[in-house]
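J.: Input structure: upload.txt, which contains compact mmCIF, C-alpha atoms.
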```
# COMPACT_ATOMS: atom_id res chain seq x y z
CA MET A 353 22.63 -20.83 -36.80
CA VAL A 354 25.77 -18.88 -36.11
CA THR A 355 28.73 -20.51 -37.79
CA ASP A 356 31.31 -17.75 -37.76
CA GLU A 357 31.24 -17.29 -34.03
CA PRO A 358 34.72 -16.91 -32.56
CA GLN A 359 35.94 -19.71 -30.36
CA ARG A 360 35.19 -18.83 -26.78
CA PRO A 361 35.80 -21.55 -24.25
CA GLU A 362 33.81 -19.86 -21.44
CA ARG A 363 30.61 -20.17 -23.28
CA HIS A 364 28.53 -22.94 -24.77
CA GLY A 365 25.41 -22.59 -26.85
CA SER A 366 23.87 -25.96 -26.05
CA LEU A 367 20.98 -26.25 -23.62
CA GLY A 368 22.33 -27.20 -20.24
CA PRO A 369 25.59 -27.83 -18.53
CA ASP A 370 28.40 -29.45 -20.44
CA PRO A 371 30.85 -30.84 -17.91
CA THR A 372 33.68 -31.25 -20.40
CA ASN A 373 33.39 -27.77 -21.87
CA HIS A 374 33.00 -25.72 -18.75
CA LEU A 375 35.10 -26.45 -15.75
CA PRO A 376 35.76 -23.05 -14.23
CA PRO A 377 38.66 -22.62 -11.85
CA GLY A 378 35.96 -21.87 -9.24
CA GLY A 379 35.98 -25.54 -8.32
CA ALA A 380 34.82 -28.99 -9.34
CA PRO A 381 31.21 -29.29 -10.49
CA ASP A 382 28.81 -29.72 -7.61
CA PRO A 383 26.81 -32.99 -7.92
CA LEU A 384 23.64 -31.23 -6.74
CA GLU A 385 24.05 -28.49 -9.32
CA ARG A 386 24.42 -31.08 -12.08
CA LEU A 387 21.41 -33.05 -10.82
CA ILE A 388 19.30 -29.88 -10.73
CA GLY A 389 20.52 -28.97 -14.22
CA ARG A 390 19.33 -32.35 -15.54
CA VAL A 391 15.90 -32.04 -13.89
CA LEU A 392 15.44 -28.54 -15.30
CA ILE A 393 16.50 -29.57 -18.82
CA ALA A 394 14.19 -32.61 -18.83
CA GLY A 395 11.30 -30.47 -17.57
CA THR A 396 11.91 -27.69 -20.08
CA ILE A 397 12.10 -30.07 -23.05
CA THR A 398 9.02 -32.10 -22.02
CA ALA A 399 6.89 -29.06 -21.18
CA THR A 400 7.80 -27.07 -24.31
CA GLY A 401 7.27 -30.17 -26.49
CA LEU A 402 3.79 -30.78 -25.07
CA LEU A 403 2.85 -27.08 -25.23
CA ALA A 404 4.10 -26.74 -28.83
CA LEU A 405 2.17 -29.87 -29.87
CA GLY A 406 -0.94 -28.68 -28.06
CA LEU A 407 -0.73 -25.18 -29.51
CA ALA A 408 -0.24 -26.55 -33.04
CA CYS A 409 -3.34 -28.76 -32.63
CA TRP A 410 -5.26 -25.83 -31.16
CA LEU A 411 -4.34 -23.47 -34.00
CA ALA A 412 -5.38 -26.15 -36.52
CA LYS A 413 -8.69 -26.85 -34.77
CA PRO A 414 -9.58 -24.38 -31.96
CA GLY A 415 -11.31 -25.99 -29.03
CA GLY A 416 -10.25 -29.51 -30.01
CA GLY A 417 -10.06 -32.12 -27.27
CA ILE A 418 -6.61 -33.42 -28.16
CA ALA A 419 -5.21 -29.88 -28.07
CA ALA A 420 -6.61 -29.39 -24.56
CA VAL A 421 -5.02 -32.64 -23.33
CA PHE A 422 -1.56 -31.70 -24.64
CA LEU A 423 -1.84 -28.11 -23.38
CA ASP A 424 -2.90 -29.11 -19.88
CA ALA A 425 -0.23 -31.83 -19.72
CA GLY A 426 2.35 -29.25 -20.79
CA LEU A 427 1.24 -26.75 -18.14
CA VAL A 428 1.28 -29.43 -15.43
CA VAL A 429 4.81 -30.56 -16.39
CA LEU A 430 5.90 -26.91 -16.48
CA MET A 431 4.60 -26.30 -12.95
CA ALA A 432 5.93 -29.64 -11.68
CA THR A 433 9.51 -28.97 -12.85
CA PRO A 434 10.59 -26.51 -10.11
CA VAL A 435 8.90 -28.79 -7.56
CA GLY A 436 10.90 -31.69 -9.01
CA ARG A 437 14.18 -29.86 -8.54
CA VAL A 438 13.30 -29.10 -4.90
CA VAL A 439 12.56 -32.81 -4.37
CA ALA A 440 15.89 -33.67 -6.04
CA SER A 441 17.62 -31.25 -3.64
CA VAL A 442 16.03 -32.91 -0.60
CA VAL A 443 17.25 -36.32 -1.80
CA GLU A 444 20.77 -35.09 -2.58
CA TYR A 445 21.16 -33.23 0.74
CA ALA A 446 19.93 -36.35 2.55
CA ARG A 447 22.52 -38.41 0.66
CA GLU A 448 25.19 -35.91 1.78
CA ARG A 449 23.77 -36.06 5.33
CA ASP A 450 23.38 -32.29 5.37
CA TRP A 451 20.36 -32.34 7.68
CA LEU A 452 20.03 -28.56 8.03
CA PHE A 453 19.50 -28.27 4.28
CA VAL A 454 17.23 -31.31 4.23
CA ALA A 455 15.03 -29.39 6.69
CA ILE A 456 15.24 -26.14 4.68
CA THR A 457 14.31 -27.79 1.37
CA LEU A 458 11.53 -29.74 3.11
CA ALA A 459 10.17 -26.41 4.37
CA VAL A 460 10.02 -25.19 0.75
CA LEU A 461 8.15 -28.37 -0.19
CA LEU A 462 5.75 -27.81 2.70
CA VAL A 463 4.83 -24.35 1.34
CA LEU A 464 4.36 -25.82 -2.15
CA ALA A 465 2.15 -28.54 -0.65
CA GLY A 466 0.02 -25.74 0.84
CA THR A 467 -0.29 -24.28 -2.67
CA LEU A 468 -1.31 -27.64 -4.12
CA VAL A 469 -3.97 -28.24 -1.45
CA THR A 470 -5.41 -24.74 -2.04
CA ALA A 471 -5.38 -25.24 -5.82
CA VAL A 472 -7.11 -28.65 -5.65
CA ARG A 473 -9.73 -27.34 -3.22
CA THR A 474 -10.58 -24.35 -5.41
CA ALA A 475 -10.67 -26.60 -8.49
CA ILE A 476 -13.12 -28.97 -6.78
CA GLY A 477 -15.23 -26.10 -5.42
CA ARG A 478 -15.46 -24.49 -8.84
CA MET B 1149 -9.83 -16.31 -28.76
CA SER B 1150 -8.78 -16.03 -32.37
CA ASN B 1151 -5.59 -17.46 -33.82
CA LEU B 1152 -4.43 -13.91 -34.43
CA VAL B 1153 -4.62 -13.04 -30.73
CA VAL B 1154 -2.74 -16.23 -29.83
CA LEU B 1155 0.00 -15.42 -32.35
CA SER B 1156 0.21 -11.81 -31.13
CA VAL B 1157 0.75 -13.12 -27.59
CA MET B 1158 3.56 -15.32 -28.89
CA GLY B 1159 5.16 -12.33 -30.62
CA MET B 1160 4.87 -10.23 -27.49
CA GLY B 1161 6.41 -13.15 -25.58
CA VAL B 1162 9.45 -13.13 -27.89
CA VAL B 1163 10.00 -9.40 -27.29
CA ALA B 1164 9.47 -9.71 -23.53
CA GLY B 1165 11.71 -12.78 -23.28
CA ALA B 1166 14.54 -11.22 -25.29
CA LEU B 1167 14.52 -7.98 -23.32
CA GLY B 1168 14.15 -9.93 -20.10
CA ALA B 1169 17.13 -12.18 -20.72
CA THR B 1170 19.28 -9.26 -21.87
CA LEU B 1171 18.52 -7.13 -18.83
CA GLY B 1172 17.96 -9.81 -16.19
CA LEU B 1173 14.24 -9.11 -15.91
CA GLY B 1174 11.46 -11.60 -16.38
CA GLY B 1175 9.14 -11.02 -19.30
CA GLY B 1176 6.08 -10.72 -17.06
CA VAL B 1177 6.42 -7.01 -16.45
CA LEU B 1178 5.80 -6.45 -20.18
CA LEU B 1179 3.30 -9.28 -20.73
CA VAL B 1180 0.91 -8.32 -17.93
CA PRO B 1181 0.19 -4.81 -19.31
CA TYR B 1182 -0.23 -6.33 -22.79
CA PHE B 1183 -2.87 -8.74 -21.46
CA ARG B 1184 -4.57 -6.10 -19.30
CA GLN B 1185 -4.41 -2.92 -21.33
CA VAL B 1186 -4.30 -4.22 -24.91
CA LEU B 1187 -6.29 -7.47 -24.81
CA GLY B 1188 -8.50 -6.38 -21.88
CA LEU B 1189 -8.21 -9.71 -20.02
CA PRO B 1190 -9.17 -9.89 -16.31
CA ALA B 1191 -6.28 -9.23 -13.92
CA ALA B 1192 -6.29 -12.80 -12.58
CA VAL B 1193 -6.01 -14.22 -16.12
CA ALA B 1194 -3.15 -11.84 -16.93
CA SER B 1195 -1.30 -12.78 -13.72
CA GLY B 1196 -1.93 -16.51 -14.16
CA ILE B 1197 -0.61 -16.66 -17.72
CA SER B 1198 2.32 -14.43 -16.86
CA LEU B 1199 3.29 -16.70 -13.94
CA THR B 1200 3.60 -19.67 -16.34
CA THR B 1201 6.14 -17.66 -18.36
CA VAL B 1202 8.02 -16.81 -15.15
CA ILE B 1203 8.30 -20.53 -14.37
CA ALA B 1204 9.44 -21.30 -17.92
CA THR B 1205 12.08 -18.54 -17.94
CA SER B 1206 13.44 -19.49 -14.55
CA THR B 1207 13.65 -23.17 -15.49
CA ALA B 1208 15.26 -22.62 -18.89
CA VAL B 1209 17.72 -19.96 -17.73
CA SER B 1210 18.78 -21.99 -14.67
CA ALA B 1211 19.15 -25.14 -16.78
CA GLU B 1212 21.64 -23.14 -18.79
CA THR B 1213 23.55 -21.60 -15.84
CA ALA B 1214 23.60 -24.76 -13.69
CA GLY B 1215 27.12 -26.14 -13.70
CA ARG B 1216 28.80 -22.74 -13.90
CA ARG B 1217 28.66 -22.30 -10.12
CA LEU B 1218 27.00 -18.93 -10.56
CA ILE B 1219 23.78 -19.98 -8.84
CA ASN B 1220 24.25 -19.94 -5.08
CA LEU B 1221 22.18 -23.04 -4.37
CA ARG B 1222 22.36 -22.86 -0.58
CA LEU B 1223 21.43 -19.19 -0.39
CA GLY B 1224 18.72 -19.85 -2.99
CA MET B 1225 17.20 -22.71 -0.99
CA VAL B 1226 17.18 -20.67 2.23
CA LEU B 1227 15.54 -17.67 0.56
CA GLU B 1228 13.07 -19.92 -1.28
CA VAL B 1229 11.37 -20.71 2.02
CA ALA B 1230 10.53 -17.00 2.32
CA THR B 1231 9.86 -16.32 -1.35
CA ALA B 1232 7.58 -19.36 -1.75
CA ALA B 1233 5.62 -18.35 1.37
CA GLY B 1234 5.31 -14.87 -0.15
CA GLY B 1235 4.16 -16.33 -3.47
CA LEU B 1236 1.50 -18.43 -1.75
CA THR B 1237 0.31 -15.37 0.21
CA GLY B 1238 0.13 -13.30 -2.98
CA GLY B 1239 -1.71 -16.04 -4.87
CA LEU B 1240 -4.28 -16.32 -2.08
CA ALA B 1241 -4.63 -12.55 -1.67
CA ALA B 1242 -5.19 -12.04 -5.40
CA GLN B 1243 -8.62 -13.70 -5.03
CA TRP B 1244 -9.76 -10.97 -2.67
CA VAL B 1245 -8.27 -7.88 -4.32
CA SER B 1246 -10.23 -6.01 -7.02
CA ASP B 1247 -8.85 -5.67 -10.55
CA ARG B 1248 -8.66 -1.92 -10.01
CA ALA B 1249 -6.53 -2.28 -6.90
CA LEU B 1250 -4.28 -4.80 -8.68
CA ASP B 1251 -3.80 -2.38 -11.59
CA LEU B 1252 -2.88 0.45 -9.23
CA GLN B 1253 -0.35 -1.80 -7.48
CA PHE B 1254 1.03 -2.86 -10.84
CA ALA B 1255 1.46 0.79 -11.84
CA ALA B 1256 3.31 1.46 -8.58
CA VAL B 1257 5.56 -1.61 -8.91
CA THR B 1258 6.51 -0.90 -12.54
CA ALA B 1259 7.44 2.68 -11.58
CA LEU B 1260 9.50 1.28 -8.70
CA ILE B 1261 11.25 -1.18 -11.02
CA ALA B 1262 12.03 1.63 -13.48
CA GLY B 1263 13.56 3.56 -10.58
CA VAL B 1264 15.61 0.54 -9.52
CA ILE B 1265 16.94 0.12 -13.08
CA LEU B 1266 17.83 3.81 -13.44
CA THR B 1267 19.69 3.99 -10.13
CA ARG B 1268 21.72 0.87 -10.94
CA LEU B 1269 22.93 1.57 -14.46
CA GLU B 1270 26.61 1.17 -13.63
CA ARG B 1271 26.58 -1.59 -11.04
CA ARG B 1272 29.26 -4.23 -11.36
CA ASN B 1273 30.40 -4.91 -7.80
CA ILE B 1274 32.90 -7.67 -8.40
CA ILE B 1275 35.58 -8.07 -5.79
CA PRO B 1276 38.15 -10.62 -6.89
CA ASP B 1277 39.80 -12.09 -3.82
CA PRO B 1278 40.33 -15.82 -4.30
CA THR B 1279 41.66 -16.25 -0.78
CA ALA B 1280 38.58 -15.03 1.11
CA ASP B 1281 36.53 -17.51 3.11
CA PRO B 1282 32.99 -17.69 1.66
CA GLY B 1283 31.48 -19.10 4.85
CA ARG B 1284 28.52 -21.46 4.94
CA LEU B 1285 26.22 -19.47 2.62
CA GLY B 1286 28.74 -17.62 0.48
CA GLY B 1287 30.01 -18.67 -2.89
CA ARG B 1288 32.86 -18.80 -5.33
CA PHE B 1289 32.68 -18.55 -9.10
CA TYR B 1290 34.87 -17.77 -12.06
CA ASP B 1291 34.34 -14.35 -13.56
CA PRO B 1292 35.37 -14.20 -17.23
CA ASP B 1293 35.44 -10.37 -17.24
CA SER B 1294 38.19 -10.10 -14.64
CA GLY B 1295 39.64 -13.50 -15.50
CA SER B 1296 39.78 -14.63 -11.89
CA ASP B 1297 37.79 -16.30 -9.14
CA VAL B 1298 35.29 -14.25 -7.19
CA VAL B 1299 34.63 -15.18 -3.58
CA TYR B 1300 31.93 -13.58 -1.47
CA ARG B 1301 30.21 -13.89 1.89
CA VAL B 1302 26.50 -13.33 2.40
CA ARG B 1303 25.68 -10.48 4.77
CA ARG B 1304 22.37 -9.40 6.33
CA LEU B 1305 20.50 -12.69 5.74
CA PRO B 1306 17.35 -11.58 7.65
CA LEU B 1307 17.04 -8.60 5.30
CA ALA B 1308 17.35 -10.92 2.29
CA LEU B 1309 14.62 -13.15 3.77
CA VAL B 1310 12.22 -10.22 4.23
CA ALA B 1311 12.94 -8.89 0.72
CA SER B 1312 12.37 -12.37 -0.73
CA TRP B 1313 9.02 -12.66 1.04
CA VAL B 1314 7.91 -9.24 -0.24
CA ALA B 1315 9.12 -9.98 -3.79
CA GLY B 1316 7.30 -13.34 -3.62
CA ALA B 1317 4.04 -11.73 -2.50
CA ILE B 1318 4.26 -9.15 -5.32
CA SER B 1319 5.00 -11.97 -7.75
CA GLY B 1320 2.02 -14.07 -6.64
CA LEU B 1321 -0.29 -11.05 -6.68
CA LEU B 1322 0.75 -9.39 -9.93
CA GLY B 1323 2.17 -12.28 -11.97
CA ILE B 1324 5.66 -10.85 -12.41
CA GLY B 1325 8.87 -12.65 -11.46
CA GLY B 1326 10.13 -10.16 -8.92
CA GLY B 1327 13.77 -10.93 -9.72
CA VAL B 1328 14.36 -7.26 -10.50
CA LEU B 1329 13.56 -6.51 -6.86
CA LYS B 1330 15.52 -9.42 -5.35
CA THR B 1331 18.70 -8.99 -7.37
CA PRO B 1332 19.50 -5.42 -6.14
CA VAL B 1333 18.83 -6.40 -2.52
CA LEU B 1334 21.16 -9.39 -2.74
CA ASN B 1335 23.73 -7.32 -4.57
CA ALA B 1336 23.69 -3.97 -2.75
CA TRP B 1337 22.77 -5.04 0.78
CA CYS B 1338 23.80 -8.68 1.13
CA GLY B 1339 27.21 -8.67 -0.54
CA VAL B 1340 26.41 -11.04 -3.41
CA PRO B 1341 28.16 -10.07 -6.68
CA LEU B 1342 25.78 -9.01 -9.42
CA ARG B 1343 26.20 -12.04 -11.72
CA ALA B 1344 25.68 -14.47 -8.85
CA ALA B 1345 22.77 -12.41 -7.47
CA ALA B 1346 21.05 -12.41 -10.87
CA ALA B 1347 21.61 -16.16 -11.42
CA THR B 1348 20.41 -17.02 -7.90
CA SER B 1349 17.38 -14.78 -8.27
CA ALA B 1350 16.49 -16.31 -11.66
CA PHE B 1351 16.80 -19.73 -10.04
CA MET B 1352 14.44 -18.80 -7.18
CA ILE B 1353 11.63 -17.12 -9.13
CA GLY B 1354 10.52 -20.46 -10.61
CA VAL B 1355 9.69 -21.77 -7.13
CA THR B 1356 8.13 -18.39 -6.24
CA ALA B 1357 5.83 -18.57 -9.26
CA VAL B 1358 5.00 -22.23 -8.61
CA ALA B 1359 3.82 -21.28 -5.12
CA ALA B 1360 1.11 -19.15 -6.76
CA ALA B 1361 0.46 -20.43 -10.32
CA PRO B 1362 -1.42 -23.65 -9.37
CA ILE B 1363 -3.94 -21.54 -7.43
CA TYR B 1364 -4.73 -19.59 -10.60
CA TYR B 1365 -4.78 -22.86 -12.55
CA GLY B 1366 -7.20 -24.43 -10.05
CA GLN B 1367 -9.50 -21.42 -10.51
CA GLY B 1368 -9.45 -21.92 -14.28
CA LYS B 1369 -7.74 -18.55 -14.77
CA ILE B 1370 -4.85 -19.86 -16.88
CA ASP B 1371 -6.06 -19.85 -20.49
CA ALA B 1372 -4.11 -22.82 -21.89
CA PRO B 1373 -3.57 -21.76 -25.54
CA LEU B 1374 -2.56 -18.23 -24.52
CA ALA B 1375 -0.24 -19.58 -21.82
CA ALA B 1376 1.36 -21.99 -24.31
CA ALA B 1377 1.84 -19.18 -26.84
CA ALA B 1378 3.32 -16.88 -24.18
CA VAL B 1379 5.65 -19.57 -22.78
CA LEU B 1380 6.96 -20.63 -26.20
CA GLY B 1381 7.43 -17.00 -27.24
CA VAL B 1382 9.23 -16.04 -24.05
CA LEU B 1383 11.56 -19.06 -24.22
CA ALA B 1384 12.46 -18.34 -27.85
CA GLY B 1385 13.03 -14.69 -26.99
CA ALA B 1386 15.11 -15.56 -23.92
CA ARG B 1387 17.44 -17.74 -26.00
CA ALA B 1388 17.99 -14.89 -28.41
CA GLY B 1389 18.41 -12.49 -25.50
CA GLN B 1390 21.07 -14.62 -23.83
CA ARG B 1391 23.15 -14.47 -26.99
CA LEU B 1392 22.55 -10.74 -27.27
CA SER B 1393 23.37 -10.04 -23.64
CA GLU B 1394 27.07 -10.63 -24.24
CA THR B 1395 27.35 -7.90 -26.85
CA ALA B 1396 24.26 -5.74 -26.34
CA PRO B 1397 24.62 -2.08 -25.29
CA THR B 1398 23.20 -2.90 -21.87
CA ARG B 1399 23.28 0.63 -20.52
CA ARG B 1400 21.21 2.04 -23.36
CA LEU B 1401 18.83 -0.93 -23.19
CA LYS B 1402 18.35 -0.31 -19.48
CA VAL B 1403 17.43 3.31 -20.10
CA LEU B 1404 15.04 2.20 -22.84
CA MET B 1405 13.48 -0.42 -20.56
CA ALA B 1406 13.06 2.10 -17.73
CA ALA B 1407 11.35 4.49 -20.16
CA VAL B 1408 9.02 1.70 -21.37
CA LEU B 1409 8.17 0.75 -17.80
CA LEU B 1410 7.43 4.34 -16.83
CA ALA B 1411 5.15 4.62 -19.87
CA VAL B 1412 3.45 1.33 -18.89
CA SER B 1413 3.01 2.64 -15.37
CA ALA B 1414 1.54 5.94 -16.60
CA VAL B 1415 -0.87 4.25 -19.06
CA THR B 1416 -2.02 1.77 -16.41
CA LEU B 1417 -2.53 4.59 -13.93
CA LEU B 1418 -4.44 6.80 -16.38
CA ARG B 1419 -6.72 4.00 -17.54
CA THR B 1420 -7.43 2.80 -14.02
CA TRP B 1421 -8.00 6.14 -12.34
```
Take the structure in the file and write it out as structure tokens.

T.:
Amino acid sequence: MVTDEPQRPERHGSLGPDPTNHLPPGGAPDPLERLIGRVLIAGTITATGLLALGLACWLAKPGGGIAAVFLDAGLVVLMATPVGRVVASVVEYARERDWLFVAITLAVLLVLAGTLVTAVRTAIGR
Amino acid sequence: MSNLVVLSVMGMGVVAGALGATLGLGGGVLLVPYFRQVLGLPAAVASGISLTTVIATSTAVSAETAGRRLINLRLGMVLEVATAAGGLTGGLAAQWVSDRALDLQFAAVTALIAGVILTRLERRNIIPDPTADPGRLGGRFYDPDSGSDVVYRVRRLPLALVASWVAGAISGLLGIGGGVLKTPVLNAWCGVPLRAAAATSAFMIGVTAVAAAPIYYGQGKIDAPLAAAAVLGVLAGARAGQRLSETAPTRRLKVLMAAVLLAVSAVTLLRTW
């Protein structure tokens, strides 16, 4: 850990936005940006935790069943996180009654749904 | 897959993540040739694992930048429609393209990226004008270098949409993030200042990669222990790189990175030909 770092108010080392530490003159924090920040932090922490646990189990006993469960759960959470922040955006834009951006974010979700359908079909056909 | 290989992938991930975060590249462009040329994995496996690291980098970096108003959310969401469609196209196309053809494309794209880096060594492009009207898609953020607010408008949106689709297709096909192609387009052609362009691009590539990665996952191409090792390595490296990026000799690192990419391109080309 760096302890002798000079005090620099523009910067913070912690993971994620810190509303008290960083209020740039660019404007008040955007509620959507903060919501997205929270989704991304939660996803990162959960996914890396599961992957680290799974990898540790796997290194201890390659091919173990528990390792596979943790690893797959971690990969699924990892892939679900960006989808989750798109869903959060749809909800927030709807709350703000910004219908153009509700439509745009729904279009992104539609493409991702196409991916999911393709992935599930290839997984079943395999 | 021995423990040694898994640990080597983690180590390579640290290097790729650190360089990536320092230079605003994803780590994929270094991981894919490691998987293909050093470990000899099939192209689809290399792309699939690399895409998981792209998602992880995008998520972690954006979690960190969210709240600083650097990410242009609206522009990002608009361009994500195109970039996700490109990612899906690339992910689907990858099933039909031979490993040899993918390697040749990878060699071409890495050479292109090296060229992009070398021609943009000095780019800053910050125009402080706090009174300008950003319009519906533009943005405003605080720039610590100049100590003032930066306001910008987005120009040539259709061009940005096309570039995002192309970058998405390359990403889905080759497993790289494609941010290094999006950022210069947003910056040089669409009027977005470099810091905002890089943050917005990093934000988008997660959705791009997610439009393709589940297809590889459904095909069983994402080797879970290797992906976990790569993701954890890249994230650790990216954290170190973010600290470094404030003091690192960026210009020299860019030249080094361009040289590495040209070497990667040449090796890939020679071994594929």

J.: Sorted by chain and rising residue number, list the residues of chain B at most 8 Å from chain A (counting all atoms listed in the file), each with its closest atom pair and distance in Å to one decimal, as CSV.

T.:
```
residue,atom,partner,partner_atom,distance
B:Asn1151,CA,A:Leu411,CA,6.1
B:Thr1200,CA,A:Met431,CA,7.5
B:Ile1203,CA,A:Met431,CA,7.0
B:Ala1204,CA,A:Leu430,CA,6.8
B:Thr1207,CA,A:Leu392,CA,5.7
B:Ala1208,CA,A:Thr396,CA,6.2
B:Ser1210,CA,A:Gly389,CA,7.2
B:Ala1211,CA,A:Gly389,CA,4.8
B:Glu1212,CA,A:Gly368,CA,4.4
B:Thr1213,CA,A:Pro369,CA,7.1
B:Ala1214,CA,A:Gly389,CA,5.2
B:Gly1215,CA,A:Pro369,CA,5.3
B:Arg1216,CA,A:Pro376,CA,7.0
B:Arg1217,CA,A:Gly378,CA,7.4
B:Leu1221,CA,A:Glu385,CA,7.6
B:Arg1222,CA,A:Phe453,CA,7.8
B:Met1225,CA,A:Thr457,CA,6.3
B:Val1226,CA,A:Ile456,CA,6.3
B:Glu1228,CA,A:Val460,CA,6.4
B:Val1229,CA,A:Val460,CA,4.8
B:Ala1232,CA,A:Val463,CA,6.5
B:Ala1233,CA,A:Val463,CA,6.1
B:Leu1236,CA,A:Thr467,CA,6.2
B:Arg1288,CA,A:Gly378,CA,5.9
B:Phe1289,CA,A:Gly378,CA,4.7
B:Tyr1290,CA,A:Gly378,CA,5.1
B:Pro1292,CA,A:Glu362,CA,7.2
B:Asp1297,CA,A:Gly378,CA,5.9
B:Val1298,CA,A:Gly378,CA,7.9
B:Gly1354,CA,A:Pro434,CA,6.1
B:Val1355,CA,A:Pro434,CA,5.7
B:Val1358,CA,A:Met431,CA,6.0
B:Ala1359,CA,A:Leu464,CA,5.5
B:Ala1360,CA,A:Thr467,CA,6.7
B:Ala1361,CA,A:Met431,CA,7.6
B:Pro1362,CA,A:Ala471,CA,5.6
B:Ile1363,CA,A:Ala471,CA,4.3
B:Tyr1364,CA,A:Ala471,CA,7.4
B:Tyr1365,CA,A:Ala471,CA,7.2
B:Gly1366,CA,A:Ala475,CA,4.4
B:Gln1367,CA,A:Ala475,CA,5.7
B:Gly1368,CA,A:Ala475,CA,7.5
B:Ala1372,CA,A:Leu423,CA,5.9
B:Pro1373,CA,A:Leu407,CA,6.0
B:Ala1376,CA,A:Leu403,CA,5.4
B:Ala1377,CA,A:Leu407,CA,7.1
B:Val1379,CA,A:Thr400,CA,8.0
B:Leu1380,CA,A:Thr400,CA,6.8
```

J.: What's the separation between atom CA of Leu1409 of chain B and atom CA of Arg1184 of chain B, in Å to one decimal place?

T.: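 A separation of 14.5 Å between them.
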
J.: What gap, in Å, lies between atom CA of Pro1181 of chain B and atom CA of Lys1369 of chain B?

T.: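 Rounded to one decimal, the two atoms are 16.5 Å apart.
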
J.: What lies within 12 Å of Ala1249 of chain B using only C-alpha atoms, ignoring chain neighbours under 3 positions off, as a PyMOL selection string?

T.: chain B and resi 1191-1192+1241-1246+1252-1256+1321-1322+1416-1417+1420-1421

J.: Quick one, how far is atom CA of Gly1176 of chain B from atom CA of Leu1334 of chain B?

T.: 20.8 Å

J.: Looking at only C-alpha atoms, which of B:Leu1401, B:Phe1351, B:Leu1309, B:Leu1342 is the one that sits closest to Gly1389 of chain B?

T.: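 Nearest to Gly1389 of chain B: B:Leu1401.
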
J.: Could you pull out every residue with an atom within 9 Å of (13.8, -3.0, -11.7), file coordinates, counting only C-alpha atoms, and send them as a PyMOL selection string?

T.: chain B and resi 1173+1257-1266+1268+1326-1329+1331-1332+1406

J.: Find the residues near Pro1306 of chain B: any atom within 12 Å, counting all atoms listed in the file, skip ones fewer than 3 places away on the same chain, and give them as an MDAnalysis selection string.

T.: chainID B and resid 1223 1226:1227 1230 1302:1303 1309:1313 1333:1334 1337:1338

J.: Identify, on the basis of only C-alpha atoms, every residue whose closest approach to Ala1166 of chain B does not exceed 9 Å; exclude the query and any residue fewer than 3 positions from it along the same chain; express the result as a list in words.

T.: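 In the requested form, the answer reads Gly1161, Val1162, Val1163, Ala1169, Thr1170, Leu1171, Gly1175, Val1382, Leu1383, Ala1384, Gly1385, Ala1386, Arg1387, Ala1388, Gly1389, Gln1390 and Leu1392 of chain B.
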